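Engineer: Dumping the structure here so I can ask a few things about it.
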2 protein chains.
Amino acid sequence: MKTSQKIETIAIIGGTGALGTGLARRWARAGYAIVIGSRTQAKADAAAAELRAAVSSAQVAGQTNAAAAGSGDIVVLTVPFAHQRPTLEDIRDRLAGKILVDTTVPLVPPKVARVQLPAAGCAAVLARQIVGEDVRVVSAFHNVAADLMASDADMDCDVLVAGDQLADRAAVIRLAEQAGFRAWHAGPLVNSAAMEALTSVLIFMNKRYPGSHAGIRMTGVAEA
Amino acid sequence: MKTSQKIETIAIIGGTGALGTGLARRWARAGYAIVIGSRTQAKADAAAAELRAAVSSAQVAGQTNAAAAGSGDIVVLTVPFAHQRPTLEDIRDRLAGKILVDTTVPLVPPKVARVQLPAAGCAAVLARQIVGEDVRVVSAFHNVAADLMASDADMDCDVLVAGDQLADRAAVIRLAEQAGFRAWHAGPLVNSAAMEALTSVLIFMNKRYPGSHAGIRMTGVAEA
């Protein structure tokens, strides 16, 4: 796959959670083919049926995670931190040369409102350690209020995209824009630490200021 | 000092830099007495004279760092990361029982657009390790475009305030508001990692999108 081509099929691994479901709907509406990956075929089928019901034009299939990763031109991982490693170990053979969008936030229950970054620096760097250098890891969507994504609401937050290759970040920025977000280059993959840590701050604020769905918007950025 | 009292005197340690200068002006205008601390009396005097010239009503003195820390009811540290430890070691005897607002961002030149958090987790936690538990460390002002602060421009960015004590965070939020910012509780001191890391992202964006003074605004927060 070259990034200059239109990406046709997006595989969403862990596509049955709130973030994965929301992204799948938005990308299906934007005309992408979607493959929803789950640990069991039955769950994947159910999520695919739900997406078809929500977006009548959706071109969607449900597959087990490894099969879905193989089907996708681009692969998006939307699983809890505890599942990041086993899931990536399960699918990594299908990822060579592809962009892997890691959305993992290293929350450590029960203190999820407290920043607890892993020793490797951040979850995105962990992902690259697991999948190896021939996978193009890009990190994004950490600060999205996933419970709002399932609706069709306008998302009043920006997406910061970290990755070591400009072209790969640009491809994910385009995907984020097609899902309805304003999105920005945020620097090398290690910079994912900022967005991952910020998620705990947002969770803290949602508790401290009841009724909130905290997010961030960039200000003062001169658009190209 | 009780936090229920009005804070009268703010000591700004490293008050000759862009952030310190900008905060001093804004707080002087808001009616606080300011003590500008610097490593030499001459530099402190010069910065105090500059502040008096900028804000005619300013009640301001220049002192060496340790003396300034002793004079302040609240002490704000605005020095580069490399100076954080020696400066805090110099002033820590004057800080007992006071709020120390640490603004340190752990930038490691030359790659300042790359997140490089210290092993302790963040600069704010380092500060607490240096000054000890009887100082009330609060962390804030990391994401302010300091070059804009020196002007009287409206600041289109929010201030996120981390600290382990609610009352101390609230006191610093009030200070930030009086300097013209919208400010928010961001959780325990360790959460400063998010704001510190975000600064490298903002620096990256200022390079990637020329002409930018990147900042963040919170969205979706239900105000009290």
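Lettering and numbering for the structure tokens are positional, with chains as A, B, ... in the shown order, residues counted from 1 in each chain, and ligands counted from 1 in the shown order.
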Please provide as a VMD selection string all residues within 9 Å of Leu95 (chain B), with the sequence filter that same-chain residues fewer than 6 positions apart are discarded (counting only C-alpha atoms).
Structural biologist: chain B and resid 69 to 70 72 74 to 75 131 134 to 136
Engineer: Please superimpose chain B on chain A using every C-alpha atom, paired by order, in a least-squares fit, and write the moved chain as a PDB file with C-alpha atoms, in the first residue's frame.
Structural biologist:
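The resulting result.pdb:
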ATOM      1  CA  MET B   1       0.030  -0.065  -0.058  1.00  0.00           C
ATOM      2  CA  LYS B   2       1.289   3.383  -0.877  1.00  0.00           C
ATOM      3  CA  THR B   3       0.016   6.259   1.180  1.00  0.00           C
ATOM      4  CA  SER B   4      -0.670   8.166  -2.031  1.00  0.00           C
ATOM      5  CA  GLN B   5      -3.446   5.689  -2.831  1.00  0.00           C
ATOM      6  CA  LYS B   6      -6.875   6.007  -1.303  1.00  0.00           C
ATOM      7  CA  ILE B   7      -7.139   3.716   1.661  1.00  0.00           C
ATOM      8  CA  GLU B   8     -10.024   1.437   0.904  1.00  0.00           C
ATOM      9  CA  THR B   9     -10.450  -0.885   3.845  1.00  0.00           C
ATOM     10  CA  ILE B  10     -10.030   0.047   7.486  1.00  0.00           C
ATOM     11  CA  ALA B  11      -9.744  -2.775   9.992  1.00  0.00           C
ATOM     12  CA  ILE B  12     -10.786  -1.829  13.498  1.00  0.00           C
ATOM     13  CA  ILE B  13      -9.325  -4.261  15.993  1.00  0.00           C
ATOM     14  CA  GLY B  14     -11.377  -4.237  19.152  1.00  0.00           C
ATOM     15  CA  GLY B  15     -14.129  -2.700  17.099  1.00  0.00           C
ATOM     16  CA  THR B  16     -16.863  -3.550  19.581  1.00  0.00           C
ATOM     17  CA  GLY B  17     -15.929  -0.901  22.155  1.00  0.00           C
ATOM     18  CA  ALA B  18     -17.148   2.693  22.263  1.00  0.00           C
ATOM     19  CA  LEU B  19     -14.207   4.243  20.397  1.00  0.00           C
ATOM     20  CA  GLY B  20     -14.021   1.494  17.782  1.00  0.00           C
ATOM     21  CA  THR B  21     -17.758   1.573  17.212  1.00  0.00           C
ATOM     22  CA  GLY B  22     -17.798   5.332  16.841  1.00  0.00           C
ATOM     23  CA  LEU B  23     -14.871   5.420  14.423  1.00  0.00           C
ATOM     24  CA  ALA B  24     -16.364   2.579  12.374  1.00  0.00           C
ATOM     25  CA  ARG B  25     -19.629   4.474  11.933  1.00  0.00           C
ATOM     26  CA  ARG B  26     -17.957   7.672  10.926  1.00  0.00           C
ATOM     27  CA  TRP B  27     -15.602   6.004   8.452  1.00  0.00           C
ATOM     28  CA  ALA B  28     -18.396   3.854   7.020  1.00  0.00           C
ATOM     29  CA  ARG B  29     -20.390   7.020   6.383  1.00  0.00           C
ATOM     30  CA  ALA B  30     -17.336   8.546   4.710  1.00  0.00           C
ATOM     31  CA  GLY B  31     -17.262   5.657   2.245  1.00  0.00           C
ATOM     32  CA  TYR B  32     -14.575   3.365   3.591  1.00  0.00           C
ATOM     33  CA  ALA B  33     -15.017  -0.381   3.709  1.00  0.00           C
ATOM     34  CA  ILE B  34     -14.843  -1.484   7.330  1.00  0.00           C
ATOM     35  CA  VAL B  35     -13.720  -4.753   8.826  1.00  0.00           C
ATOM     36  CA  ILE B  36     -14.539  -5.061  12.489  1.00  0.00           C
ATOM     37  CA  GLY B  37     -12.193  -7.328  14.372  1.00  0.00           C
ATOM     38  CA  SER B  38     -13.071  -8.987  17.644  1.00  0.00           C
ATOM     39  CA  ARG B  39     -11.778 -11.889  19.672  1.00  0.00           C
ATOM     40  CA  THR B  40     -14.676 -14.060  18.577  1.00  0.00           C
ATOM     41  CA  GLN B  41     -16.407 -14.298  15.220  1.00  0.00           C
ATOM     42  CA  ALA B  42     -19.790 -14.018  16.917  1.00  0.00           C
ATOM     43  CA  LYS B  43     -18.970 -10.676  18.526  1.00  0.00           C
ATOM     44  CA  ALA B  44     -17.502  -9.374  15.294  1.00  0.00           C
ATOM     45  CA  ASP B  45     -20.620 -10.439  13.392  1.00  0.00           C
ATOM     46  CA  ALA B  46     -22.866  -8.751  15.917  1.00  0.00           C
ATOM     47  CA  ALA B  47     -20.892  -5.484  15.716  1.00  0.00           C
ATOM     48  CA  ALA B  48     -20.950  -5.630  11.914  1.00  0.00           C
ATOM     49  CA  ALA B  49     -24.715  -6.110  11.929  1.00  0.00           C
ATOM     50  CA  GLU B  50     -25.088  -3.179  14.313  1.00  0.00           C
ATOM     51  CA  LEU B  51     -23.008  -0.992  12.009  1.00  0.00           C
ATOM     52  CA  ARG B  52     -25.105  -2.021   9.001  1.00  0.00           C
ATOM     53  CA  ALA B  53     -28.227  -1.074  10.947  1.00  0.00           C
ATOM     54  CA  ALA B  54     -26.757   2.334  11.855  1.00  0.00           C
ATOM     55  CA  VAL B  55     -25.280   3.159   8.445  1.00  0.00           C
ATOM     56  CA  SER B  56     -27.359   1.629   5.678  1.00  0.00           C
ATOM     57  CA  SER B  57     -24.686   2.217   3.057  1.00  0.00           C
ATOM     58  CA  ALA B  58     -21.991   0.573   5.177  1.00  0.00           C
ATOM     59  CA  GLN B  59     -19.714  -1.915   3.478  1.00  0.00           C
ATOM     60  CA  VAL B  60     -18.764  -3.938   6.523  1.00  0.00           C
ATOM     61  CA  ALA B  61     -17.587  -7.367   7.571  1.00  0.00           C
ATOM     62  CA  GLY B  62     -16.880  -8.919  10.949  1.00  0.00           C
ATOM     63  CA  GLN B  63     -13.792 -11.094  11.402  1.00  0.00           C
ATOM     64  CA  THR B  64     -11.589 -12.361  14.188  1.00  0.00           C
ATOM     65  CA  ASN B  65      -8.819  -9.935  15.037  1.00  0.00           C
ATOM     66  CA  ALA B  66      -6.017 -11.578  13.072  1.00  0.00           C
ATOM     67  CA  ALA B  67      -8.158 -12.048   9.976  1.00  0.00           C
ATOM     68  CA  ALA B  68      -9.383  -8.459  10.215  1.00  0.00           C
ATOM     69  CA  ALA B  69      -5.823  -7.173  10.481  1.00  0.00           C
ATOM     70  CA  GLY B  70      -4.999  -9.124   7.344  1.00  0.00           C
ATOM     71  CA  SER B  71      -7.989  -7.637   5.514  1.00  0.00           C
ATOM     72  CA  GLY B  72      -7.279  -4.022   6.375  1.00  0.00           C
ATOM     73  CA  ASP B  73      -5.225  -1.649   4.270  1.00  0.00           C
ATOM     74  CA  ILE B  74      -4.875   0.307   7.484  1.00  0.00           C
ATOM     75  CA  VAL B  75      -5.360  -1.207  10.917  1.00  0.00           C
ATOM     76  CA  VAL B  76      -6.714   0.675  13.932  1.00  0.00           C
ATOM     77  CA  LEU B  77      -6.261  -0.758  17.418  1.00  0.00           C
ATOM     78  CA  THR B  78      -8.954   0.259  19.923  1.00  0.00           C
ATOM     79  CA  VAL B  79      -8.537  -2.035  22.916  1.00  0.00           C
ATOM     80  CA  PRO B  80      -7.970  -1.411  26.631  1.00  0.00           C
ATOM     81  CA  PHE B  81      -4.330  -1.146  27.732  1.00  0.00           C
ATOM     82  CA  ALA B  82      -4.416  -4.611  29.342  1.00  0.00           C
ATOM     83  CA  HIS B  83      -5.294  -6.116  25.943  1.00  0.00           C
ATOM     84  CA  GLN B  84      -2.775  -4.145  23.899  1.00  0.00           C
ATOM     85  CA  ARG B  85       0.097  -6.633  24.084  1.00  0.00           C
ATOM     86  CA  PRO B  86      -1.823  -9.901  23.580  1.00  0.00           C
ATOM     87  CA  THR B  87      -3.849  -8.384  20.749  1.00  0.00           C
ATOM     88  CA  LEU B  88      -0.790  -7.031  18.955  1.00  0.00           C
ATOM     89  CA  GLU B  89       1.023 -10.343  19.405  1.00  0.00           C
ATOM     90  CA  ASP B  90      -2.000 -12.016  17.854  1.00  0.00           C
ATOM     91  CA  ILE B  91      -2.136  -9.749  14.789  1.00  0.00           C
ATOM     92  CA  ARG B  92       1.430  -8.614  14.211  1.00  0.00           C
ATOM     93  CA  ASP B  93       2.122 -11.106  11.419  1.00  0.00           C
ATOM     94  CA  ARG B  94      -0.569  -9.397   9.362  1.00  0.00           C
ATOM     95  CA  LEU B  95       0.742  -5.850   9.779  1.00  0.00           C
ATOM     96  CA  ALA B  96       3.981  -5.710   7.777  1.00  0.00           C
ATOM     97  CA  GLY B  97       4.199  -2.532   5.742  1.00  0.00           C
ATOM     98  CA  LYS B  98       0.851  -1.250   6.963  1.00  0.00           C
ATOM     99  CA  ILE B  99      -0.057   1.730   9.067  1.00  0.00           C
ATOM    100  CA  LEU B 100      -1.119   0.649  12.544  1.00  0.00           C
ATOM    101  CA  VAL B 101      -3.078   3.377  14.317  1.00  0.00           C
ATOM    102  CA  ASP B 102      -2.619   2.743  18.019  1.00  0.00           C
ATOM    103  CA  THR B 103      -5.190   4.479  20.211  1.00  0.00           C
ATOM    104  CA  THR B 104      -4.143   2.782  23.440  1.00  0.00           C
ATOM    105  CA  VAL B 105      -4.161   4.859  26.598  1.00  0.00           C
ATOM    106  CA  PRO B 106      -2.125   3.294  29.418  1.00  0.00           C
ATOM    107  CA  LEU B 107      -4.759   3.634  32.117  1.00  0.00           C
ATOM    108  CA  VAL B 108      -4.005   1.527  35.182  1.00  0.00           C
ATOM    109  CA  PRO B 109      -7.230   0.817  37.110  1.00  0.00           C
ATOM    110  CA  PRO B 110      -8.458   1.732  39.577  1.00  0.00           C
ATOM    111  CA  LYS B 111      -6.649   5.099  39.465  1.00  0.00           C
ATOM    112  CA  VAL B 112      -7.477   5.986  35.884  1.00  0.00           C
ATOM    113  CA  ALA B 113      -7.539   9.719  36.629  1.00  0.00           C
ATOM    114  CA  ARG B 114      -3.865   9.540  37.593  1.00  0.00           C
ATOM    115  CA  VAL B 115      -1.112   9.631  34.965  1.00  0.00           C
ATOM    116  CA  GLN B 116       0.778   6.334  35.074  1.00  0.00           C
ATOM    117  CA  LEU B 117       2.843   6.129  31.915  1.00  0.00           C
ATOM    118  CA  PRO B 118       4.670   2.842  31.285  1.00  0.00           C
ATOM    119  CA  ALA B 119       8.431   2.591  31.716  1.00  0.00           C
ATOM    120  CA  ALA B 120       8.834   2.503  27.933  1.00  0.00           C
ATOM    121  CA  GLY B 121       7.540   6.079  27.935  1.00  0.00           C
ATOM    122  CA  CYS B 122       4.117   5.534  26.407  1.00  0.00           C
ATOM    123  CA  ALA B 123       1.776   2.919  25.003  1.00  0.00           C
ATOM    124  CA  ALA B 124       2.584   3.851  21.409  1.00  0.00           C
ATOM    125  CA  VAL B 125       6.259   3.069  21.909  1.00  0.00           C
ATOM    126  CA  LEU B 126       5.248  -0.216  23.542  1.00  0.00           C
ATOM    127  CA  ALA B 127       3.174  -0.976  20.453  1.00  0.00           C
ATOM    128  CA  ARG B 128       6.157  -0.427  18.201  1.00  0.00           C
ATOM    129  CA  GLN B 129       8.302  -2.646  20.413  1.00  0.00           C
ATOM    130  CA  ILE B 130       5.715  -5.409  20.046  1.00  0.00           C
ATOM    131  CA  VAL B 131       5.048  -5.171  16.310  1.00  0.00           C
ATOM    132  CA  GLY B 132       8.551  -4.308  15.151  1.00  0.00           C
ATOM    133  CA  GLU B 133      10.041  -1.724  12.866  1.00  0.00           C
ATOM    134  CA  ASP B 134       8.395  -2.880   9.639  1.00  0.00           C
ATOM    135  CA  VAL B 135       4.994  -1.710  10.865  1.00  0.00           C
ATOM    136  CA  ARG B 136       4.253   1.994  10.498  1.00  0.00           C
ATOM    137  CA  VAL B 137       2.935   2.837  13.957  1.00  0.00           C
ATOM    138  CA  VAL B 138       0.978   6.075  14.291  1.00  0.00           C
ATOM    139  CA  SER B 139      -0.730   7.147  17.491  1.00  0.00           C
ATOM    140  CA  ALA B 140      -4.023   9.072  17.654  1.00  0.00           C
ATOM    141  CA  PHE B 141      -7.565   9.418  19.028  1.00  0.00           C
ATOM    142  CA  HIS B 142      -6.547   9.295  22.727  1.00  0.00           C
ATOM    143  CA  ASN B 143      -8.477  12.345  23.792  1.00  0.00           C
ATOM    144  CA  VAL B 144     -11.801  11.632  22.164  1.00  0.00           C
ATOM    145  CA  ALA B 145     -14.853  11.346  24.408  1.00  0.00           C
ATOM    146  CA  ALA B 146     -15.726   7.867  23.168  1.00  0.00           C
ATOM    147  CA  ASP B 147     -19.184   7.950  24.704  1.00  0.00           C
ATOM    148  CA  LEU B 148     -20.017  10.927  22.481  1.00  0.00           C
ATOM    149  CA  MET B 149     -18.617   9.273  19.360  1.00  0.00           C
ATOM    150  CA  ALA B 150     -21.263   6.588  19.266  1.00  0.00           C
ATOM    151  CA  SER B 151     -23.780   9.337  18.581  1.00  0.00           C
ATOM    152  CA  ASP B 152     -23.658  11.500  15.495  1.00  0.00           C
ATOM    153  CA  ALA B 153     -22.768  14.531  17.580  1.00  0.00           C
ATOM    154  CA  ASP B 154     -20.211  17.007  16.344  1.00  0.00           C
ATOM    155  CA  MET B 155     -17.017  16.334  18.236  1.00  0.00           C
ATOM    156  CA  ASP B 156     -15.755  19.474  19.954  1.00  0.00           C
ATOM    157  CA  CYS B 157     -12.203  18.236  20.268  1.00  0.00           C
ATOM    158  CA  ASP B 158      -9.075  17.981  18.143  1.00  0.00           C
ATOM    159  CA  VAL B 159      -7.047  14.887  17.366  1.00  0.00           C
ATOM    160  CA  LEU B 160      -3.284  15.013  17.843  1.00  0.00           C
ATOM    161  CA  VAL B 161      -1.369  12.547  15.706  1.00  0.00           C
ATOM    162  CA  ALA B 162       2.108  11.270  16.609  1.00  0.00           C
ATOM    163  CA  GLY B 163       4.348   9.158  14.423  1.00  0.00           C
ATOM    164  CA  ASP B 164       7.861   9.104  13.111  1.00  0.00           C
ATOM    165  CA  GLN B 165       6.959   9.419   9.428  1.00  0.00           C
ATOM    166  CA  LEU B 166       5.375  12.586   8.092  1.00  0.00           C
ATOM    167  CA  ALA B 167       3.464  10.760   5.332  1.00  0.00           C
ATOM    168  CA  ASP B 168       2.001   8.244   7.767  1.00  0.00           C
ATOM    169  CA  ARG B 169       0.893  10.994  10.149  1.00  0.00           C
ATOM    170  CA  ALA B 170      -0.638  12.844   7.201  1.00  0.00           C
ATOM    171  CA  ALA B 171      -2.593   9.734   6.199  1.00  0.00           C
ATOM    172  CA  VAL B 172      -4.010   9.391   9.698  1.00  0.00           C
ATOM    173  CA  ILE B 173      -4.807  13.105   9.845  1.00  0.00           C
ATOM    174  CA  ARG B 174      -6.875  12.647   6.684  1.00  0.00           C
ATOM    175  CA  LEU B 175      -8.659   9.700   8.262  1.00  0.00           C
ATOM    176  CA  ALA B 176      -9.386  11.733  11.393  1.00  0.00           C
ATOM    177  CA  GLU B 177     -10.729  14.564   9.258  1.00  0.00           C
ATOM    178  CA  GLN B 178     -13.005  12.165   7.420  1.00  0.00           C
ATOM    179  CA  ALA B 179     -14.303  11.002  10.804  1.00  0.00           C
ATOM    180  CA  GLY B 180     -15.229  14.612  11.542  1.00  0.00           C
ATOM    181  CA  PHE B 181     -12.272  15.835  13.547  1.00  0.00           C
ATOM    182  CA  ARG B 182      -9.804  18.630  13.161  1.00  0.00           C
ATOM    183  CA  ALA B 183      -6.420  16.891  13.384  1.00  0.00           C
ATOM    184  CA  TRP B 184      -2.808  17.960  13.720  1.00  0.00           C
ATOM    185  CA  HIS B 185       0.755  16.751  13.413  1.00  0.00           C
ATOM    186  CA  ALA B 186       1.993  16.310  16.991  1.00  0.00           C
ATOM    187  CA  GLY B 187       5.514  15.061  16.371  1.00  0.00           C
ATOM    188  CA  PRO B 188       7.411  11.791  16.693  1.00  0.00           C
ATOM    189  CA  LEU B 189       5.840   8.669  18.140  1.00  0.00           C
ATOM    190  CA  VAL B 190       7.327   9.318  21.589  1.00  0.00           C
ATOM    191  CA  ASN B 191       5.185  12.467  21.766  1.00  0.00           C
ATOM    192  CA  SER B 192       2.190  10.198  22.171  1.00  0.00           C
ATOM    193  CA  ALA B 193       3.065  10.360  25.874  1.00  0.00           C
ATOM    194  CA  ALA B 194       1.477  13.813  25.986  1.00  0.00           C
ATOM    195  CA  MET B 195      -1.859  12.705  24.583  1.00  0.00           C
ATOM    196  CA  GLU B 196      -1.885   9.474  26.575  1.00  0.00           C
ATOM    197  CA  ALA B 197      -1.175  11.334  29.814  1.00  0.00           C
ATOM    198  CA  LEU B 198      -3.713  13.994  28.955  1.00  0.00           C
ATOM    199  CA  THR B 199      -6.432  11.348  28.884  1.00  0.00           C
ATOM    200  CA  SER B 200      -6.056  10.841  32.636  1.00  0.00           C
ATOM    201  CA  VAL B 201      -6.350  14.602  33.077  1.00  0.00           C
ATOM    202  CA  LEU B 202      -9.571  14.583  31.060  1.00  0.00           C
ATOM    203  CA  ILE B 203     -10.924  11.710  33.161  1.00  0.00           C
ATOM    204  CA  PHE B 204     -10.021  13.679  36.277  1.00  0.00           C
ATOM    205  CA  MET B 205     -11.840  16.733  34.953  1.00  0.00           C
ATOM    206  CA  ASN B 206     -14.931  14.693  34.104  1.00  0.00           C
ATOM    207  CA  LYS B 207     -15.081  13.654  37.767  1.00  0.00           C
ATOM    208  CA  ARG B 208     -14.144  17.053  39.196  1.00  0.00           C
ATOM    209  CA  TYR B 209     -16.605  18.957  37.007  1.00  0.00           C
ATOM    210  CA  PRO B 210     -19.663  16.683  36.891  1.00  0.00           C
ATOM    211  CA  GLY B 211     -21.510  16.589  33.607  1.00  0.00           C
ATOM    212  CA  SER B 212     -18.354  17.186  31.583  1.00  0.00           C
ATOM    213  CA  HIS B 213     -17.066  15.447  28.481  1.00  0.00           C
ATOM    214  CA  ALA B 214     -13.697  17.146  28.574  1.00  0.00           C
ATOM    215  CA  GLY B 215     -11.661  17.493  25.431  1.00  0.00           C
ATOM    216  CA  ILE B 216      -9.058  19.831  23.986  1.00  0.00           C
ATOM    217  CA  ARG B 217      -8.934  22.201  21.072  1.00  0.00           C
ATOM    218  CA  MET B 218      -5.720  23.630  19.731  1.00  0.00           C
ATOM    219  CA  THR B 219      -5.472  27.408  19.525  1.00  0.00           C
ATOM    220  CA  GLY B 220      -2.998  29.666  17.789  1.00  0.00           C
ATOM    221  CA  VAL B 221      -2.018  27.147  15.120  1.00  0.00           C
ATOM    222  CA  ALA B 222      -1.466  28.720  11.722  1.00  0.00           C
ATOM    223  CA  GLU B 223      -3.149  26.406   9.245  1.00  0.00           C
ATOM    224  CA  ALA B 224      -1.185  25.453   6.153  1.00  0.00           C
TER     225      ALA B 224
END
Engineer: If you run DSSP over the backbone, which residues in region 7-215 of chain B end up strand (DSSP E or B)? Put them as a PyMOL selection string.
Structural biologist: chain B and resi 9-13+33-38+59-64+74-77+99-102+136-139+158-163+182-185+215
Engineer: Keeping only C-alpha atoms, write the selected residues to a file as a short mmCIF file (atom, residue, chain, number, x, y, z; two decimals), in the first residue's frame.
Structural biologist:
data_model
loop_
_atom_site.label_atom_id
_atom_site.label_comp_id
_atom_site.auth_asym_id
_atom_site.auth_seq_id
_atom_site.Cartn_x
_atom_site.Cartn_y
_atom_site.Cartn_z
CA THR B 9 3.16 39.02 47.85
CA ILE B 10 4.13 36.79 44.95
CA ALA B 11 7.80 35.93 44.56
CA ILE B 12 8.80 35.03 41.03
CA ILE B 13 12.04 33.08 41.05
CA ALA B 33 2.98 42.94 45.44
CA ILE B 34 5.72 41.32 43.38
CA VAL B 35 9.21 40.30 44.35
CA ILE B 36 11.36 39.37 41.40
CA GLY B 37 14.09 36.91 42.23
CA SER B 38 17.21 36.48 40.16
CA GLN B 59 4.53 47.40 43.99
CA VAL B 60 7.72 45.57 43.16
CA ALA B 61 11.12 44.73 44.56
CA GLY B 62 14.09 42.86 43.15
CA GLN B 63 15.98 40.40 45.36
CA THR B 64 18.31 37.46 45.00
CA ILE B 74 3.54 32.28 47.39
CA VAL B 75 6.59 31.41 45.33
CA VAL B 76 6.56 30.82 41.58
CA LEU B 77 9.50 29.09 39.91
CA ILE B 99 2.76 27.11 47.97
CA LEU B 100 5.49 26.63 45.39
CA VAL B 101 4.16 26.97 41.85
CA ASP B 102 6.51 24.98 39.65
CA ARG B 136 2.93 22.67 48.94
CA VAL B 137 4.02 22.04 45.35
CA VAL B 138 1.52 22.95 42.64
CA SER B 139 2.31 22.73 38.94
CA ASP B 158 -6.15 27.54 29.30
CA VAL B 159 -4.00 26.75 32.31
CA LEU B 160 -4.14 23.25 33.77
CA VAL B 161 -3.21 23.06 37.44
CA ALA B 162 -1.90 19.89 39.09
CA GLY B 163 -1.32 19.37 42.79
CA ARG B 182 -9.13 30.35 32.30
CA ALA B 183 -7.76 27.66 34.62
CA TRP B 184 -8.77 24.17 35.67
CA HIS B 185 -8.13 21.47 38.23
CA GLY B 215 -1.92 26.50 22.89
#
